[in-house]
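Written below as structure tokens is the structure these notes are about.
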Amino acid sequence: MSDVAGLLMAQAEACRTLGSPFTARVLMALVPLMTRDTVLGRAAHESGARPEDALPLRLAGGLHALARSGDPDLAAIYPPHEVDEAALSAALARVIAMRGDALVPWLASPPQTNEVARSAVLIAVGHWLTRAYGLPLHLSELGASAGLNLNWDRYALQVAGRLYGPQDAVLTLTPDWTGTPPPMDVPRILSRAGVDLNPLDPVIDRDRLLAYLWADQAARLARCVAALDLAARQSPQVTQGDAAIWAEARLAQPVDGLHLVFHTVAAKYFSADTKARLAAALTAAGALATQARPLAHLTMEWDGKGPGAGVQLWPGQRMIALGRADFHGRWVNWLAS
């Protein structure tokens with residue numbers, strides 16, 4: 001079995017677990033088609049892709065983009081249409097043979113899903129920090145892509161009959177929630193900014209951002225459309241650059257209030273050097289933090305434990321395990337009191 005085939009099958013299983021049977025079927029159908037006899041297959045095999053590079057999701061994004069653009073073969077098999085395995089495989093084979101070169105550029109950059117349902121965790125943490133410190137927040141997101149999750153305070157969260165966020169929010173998140181609901185203290189955001197190696201524009205790159213979502217998950221697509229519509233009017237600044245270098249400069253600027261540095265399902269795309277440099281920058285800044293100017297570092301990342309991602313917060317020099325959350329925000333297991 002080739003490395004590419006193994007990556008495709010592993011991601012297919014993950015897609016099934018995360019509620020996307022159609023994407024799982026597409027990836028499994030690609031296994032026998034990703035041969036070195038085609039332009040796309042050769043590019044995939046020669047990419048040197050590692051599991052953390054998410055090669056299957058790059059392929060899935062490119063195929064979804066073609067389907068959304070009206071490609072006749074893909075438009076006929078993608079949702080809302082339902083086809084059997086033979087028709088699915090035949091259509092994918094035709095696309096790879098005839099238009100595979102159009103998919104090769106999608107292999108060059110990691111998927112950027114901008115999954116706004118992860119903002120359920122950010123909203124909860126924002127309220128928790130506001131209760132704990134009583135200070136306004138400055139937001140710094142690492143791996144921000146189009147910055148959709150930098151707008152988390154403009155979305156609403158419904159938990160245990162409580163509504164967190166604006167009454168007229170453009171979208172309301174309703175994850176399956178276990179644990180004590182967050183406090184009701186309303187966070188106030190003084191500034192927000194992010195960094196990404198390849199920041200996407202919510203207007204110019206709208207179709208690309210939607211293509212990275214899975215075609216059979218209508219609720220995710222609808223959330224992203226609402227978030228993109230908002231970002232077209234209120235788009236946070238996202239700078240192109242390395243997360244650690246940007247964070248060093250951002251942390252060097254003293255702010256009045258609590259500085260919240262966060263990233264959600266982004267750390268796996270950081271290089272080893274970036275991770276080490278970022279850790280050093282956060283440690284140094286944390287040592288200089290004061291009661292009036294505290295620093296908090298929030299991570300929602302895969303930690304090898306499961307289920308979902310671990311949610312951890314480092315305010316100052318201590319670590320607080322806030323719980324776990326589904327990678328796509330479908331559920332949150334909140335442990336913080």
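Letters A, B, ... go to the chains of the structure tokens in the order shown; residues in each chain start at 1; ligands are counted from 1 in the same order.
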
Polymer residues at most 12 Å from Ile204 in chain A, only C-alpha atoms, same-chain spacing of 3 or more positions, as a count of residues only: 11

Expected answer as a PyMOL selection string: helix (DSSP H, G or I) residues in range 123-174 of chain A: chain A and resi 123-133+148-154

Contact residues around Gly286 in chain A with only C-alpha atoms at 10 Å, ignoring same-chain residues under 2 positions, as a PyMOL selection string: chain A and resi 251+280-284+288-290+293-297+314-318

Contacts of Ala243 in chain A at 10 Å (only C-alpha atoms; same-chain gap of 2+ positions) as JSON, numbers by chain: {"A": [141, 142, 143, 144, 194, 195, 196, 197, 239, 240, 241, 245, 246, 247, 248, 267, 270, 271, 274, 275, 277, 278]}

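Omitting range 78-87 of chain A and its sequence neighbours fewer than 2 positions away, and counting only C-alpha atoms, the residues within 10 Å are Phe22, Thr23, Arg25, Val26, Met28, Ala29, Leu63, His64, Ala67, Arg68, Asp73, Leu74, Ala75, Ala76, Ser89, Ala90, Ala91, Leu92, Ala93, Ala215, Asp216, Gln217 and Ala218 of chain A.
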
Could you save those same residues with N, CA and C atoms as a CSV table (one decimal), in the first residue's frame?
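What ended up in selection38.csv:
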```
chain,number,residue,atom,x,y,z
A,22,PHE,N,-20.2,11.2,2.9
A,22,PHE,CA,-20.0,11.4,1.5
A,22,PHE,C,-18.5,11.7,1.2
A,23,THR,N,-17.8,12.5,2.0
A,23,THR,CA,-16.4,12.8,1.9
A,23,THR,C,-15.6,11.5,2.1
A,25,ARG,N,-16.6,8.5,1.4
A,25,ARG,CA,-16.7,7.7,0.1
A,25,ARG,C,-15.9,8.3,-1.0
A,26,VAL,N,-15.8,9.6,-1.1
A,26,VAL,CA,-14.9,10.2,-2.1
A,26,VAL,C,-13.5,9.8,-1.9
A,28,MET,N,-12.2,7.2,-0.3
A,28,MET,CA,-12.0,5.8,-0.5
A,28,MET,C,-12.0,5.5,-2.0
A,29,ALA,N,-12.9,6.2,-2.8
A,29,ALA,CA,-12.9,6.0,-4.2
A,29,ALA,C,-11.6,6.5,-4.9
A,63,LEU,N,-11.6,19.0,-5.3
A,63,LEU,CA,-12.8,18.4,-5.9
A,63,LEU,C,-14.1,19.1,-5.6
A,64,HIS,N,-14.2,19.5,-4.3
A,64,HIS,CA,-15.4,20.3,-4.0
A,64,HIS,C,-15.5,21.6,-4.7
A,67,ALA,N,-16.7,20.9,-8.1
A,67,ALA,CA,-18.1,20.6,-8.1
A,67,ALA,C,-18.9,21.9,-8.0
A,68,ARG,N,-18.5,22.8,-7.1
A,68,ARG,CA,-19.2,24.0,-6.9
A,68,ARG,C,-19.2,24.9,-8.1
A,73,ASP,N,-19.2,16.4,-14.4
A,73,ASP,CA,-19.1,15.1,-13.8
A,73,ASP,C,-19.3,15.2,-12.3
A,74,LEU,N,-18.7,16.2,-11.6
A,74,LEU,CA,-18.8,16.2,-10.2
A,74,LEU,C,-20.1,16.8,-9.7
A,75,ALA,N,-20.7,17.8,-10.4
A,75,ALA,CA,-22.0,18.3,-10.1
A,75,ALA,C,-23.1,17.2,-10.0
A,76,ALA,N,-22.9,16.2,-10.9
A,76,ALA,CA,-23.9,15.2,-11.0
A,76,ALA,C,-23.8,14.1,-9.8
A,89,SER,N,-17.1,6.4,-8.5
A,89,SER,CA,-15.8,6.1,-9.0
A,89,SER,C,-15.6,6.5,-10.4
A,90,ALA,N,-16.6,6.2,-11.3
A,90,ALA,CA,-16.4,6.5,-12.7
A,90,ALA,C,-16.3,8.0,-12.9
A,91,ALA,N,-17.1,8.8,-12.2
A,91,ALA,CA,-17.0,10.3,-12.4
A,91,ALA,C,-15.7,10.8,-11.9
A,92,LEU,N,-15.2,10.3,-10.8
A,92,LEU,CA,-13.9,10.8,-10.2
A,92,LEU,C,-12.8,10.4,-11.2
A,93,ALA,N,-12.9,9.2,-11.8
A,93,ALA,CA,-11.9,8.7,-12.7
A,93,ALA,C,-11.8,9.7,-13.9
A,215,ALA,N,-19.0,18.6,1.6
A,215,ALA,CA,-20.2,18.9,0.8
A,215,ALA,C,-21.5,18.4,1.4
A,216,ASP,N,-21.4,17.4,2.2
A,216,ASP,CA,-22.7,16.8,2.8
A,216,ASP,C,-23.0,17.4,4.1
A,217,GLN,N,-22.3,18.4,4.6
A,217,GLN,CA,-22.5,19.0,5.9
A,217,GLN,C,-23.1,20.4,5.7
A,218,ALA,N,-24.4,20.4,5.4
A,218,ALA,CA,-25.1,21.7,5.1
A,218,ALA,C,-25.1,22.7,6.2
```

Nearest to Gly323 in chain A by atom-to-atom distance, counting only C-alpha atoms, from A:Val125, A:Ala272, A:His259, A:Met184: A:Val125

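Separating CA of Pro181 in chain A from CA of Trp152 in chain A is a distance of 17.2 Å.
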
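Closest approach to Leu88 in chain A from the set A:Leu33, A:Val121, A:Ala285, A:Ala108 is made by A:Leu33, with distances taken over only C-alpha atoms.
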
Expected answer as an NGL selection string: strand (DSSP E) residues in range 89-237 of chain A: :A and (137-142 or 156-159 or 162-164 or 172-173 or 176-178 or 189-196 or 237)

Between CA of Gly257 in chain A and CA of Gln237 in chain A, distance in Å (one decimal):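 Between these atoms lies a distance of 19.4 Å.
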
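For the choices A:Leu163, A:Leu157, A:Val203, A:Val116, the atom-to-atom distance to Ser235 in chain A is smallest for A:Val203 when using only C-alpha atoms.
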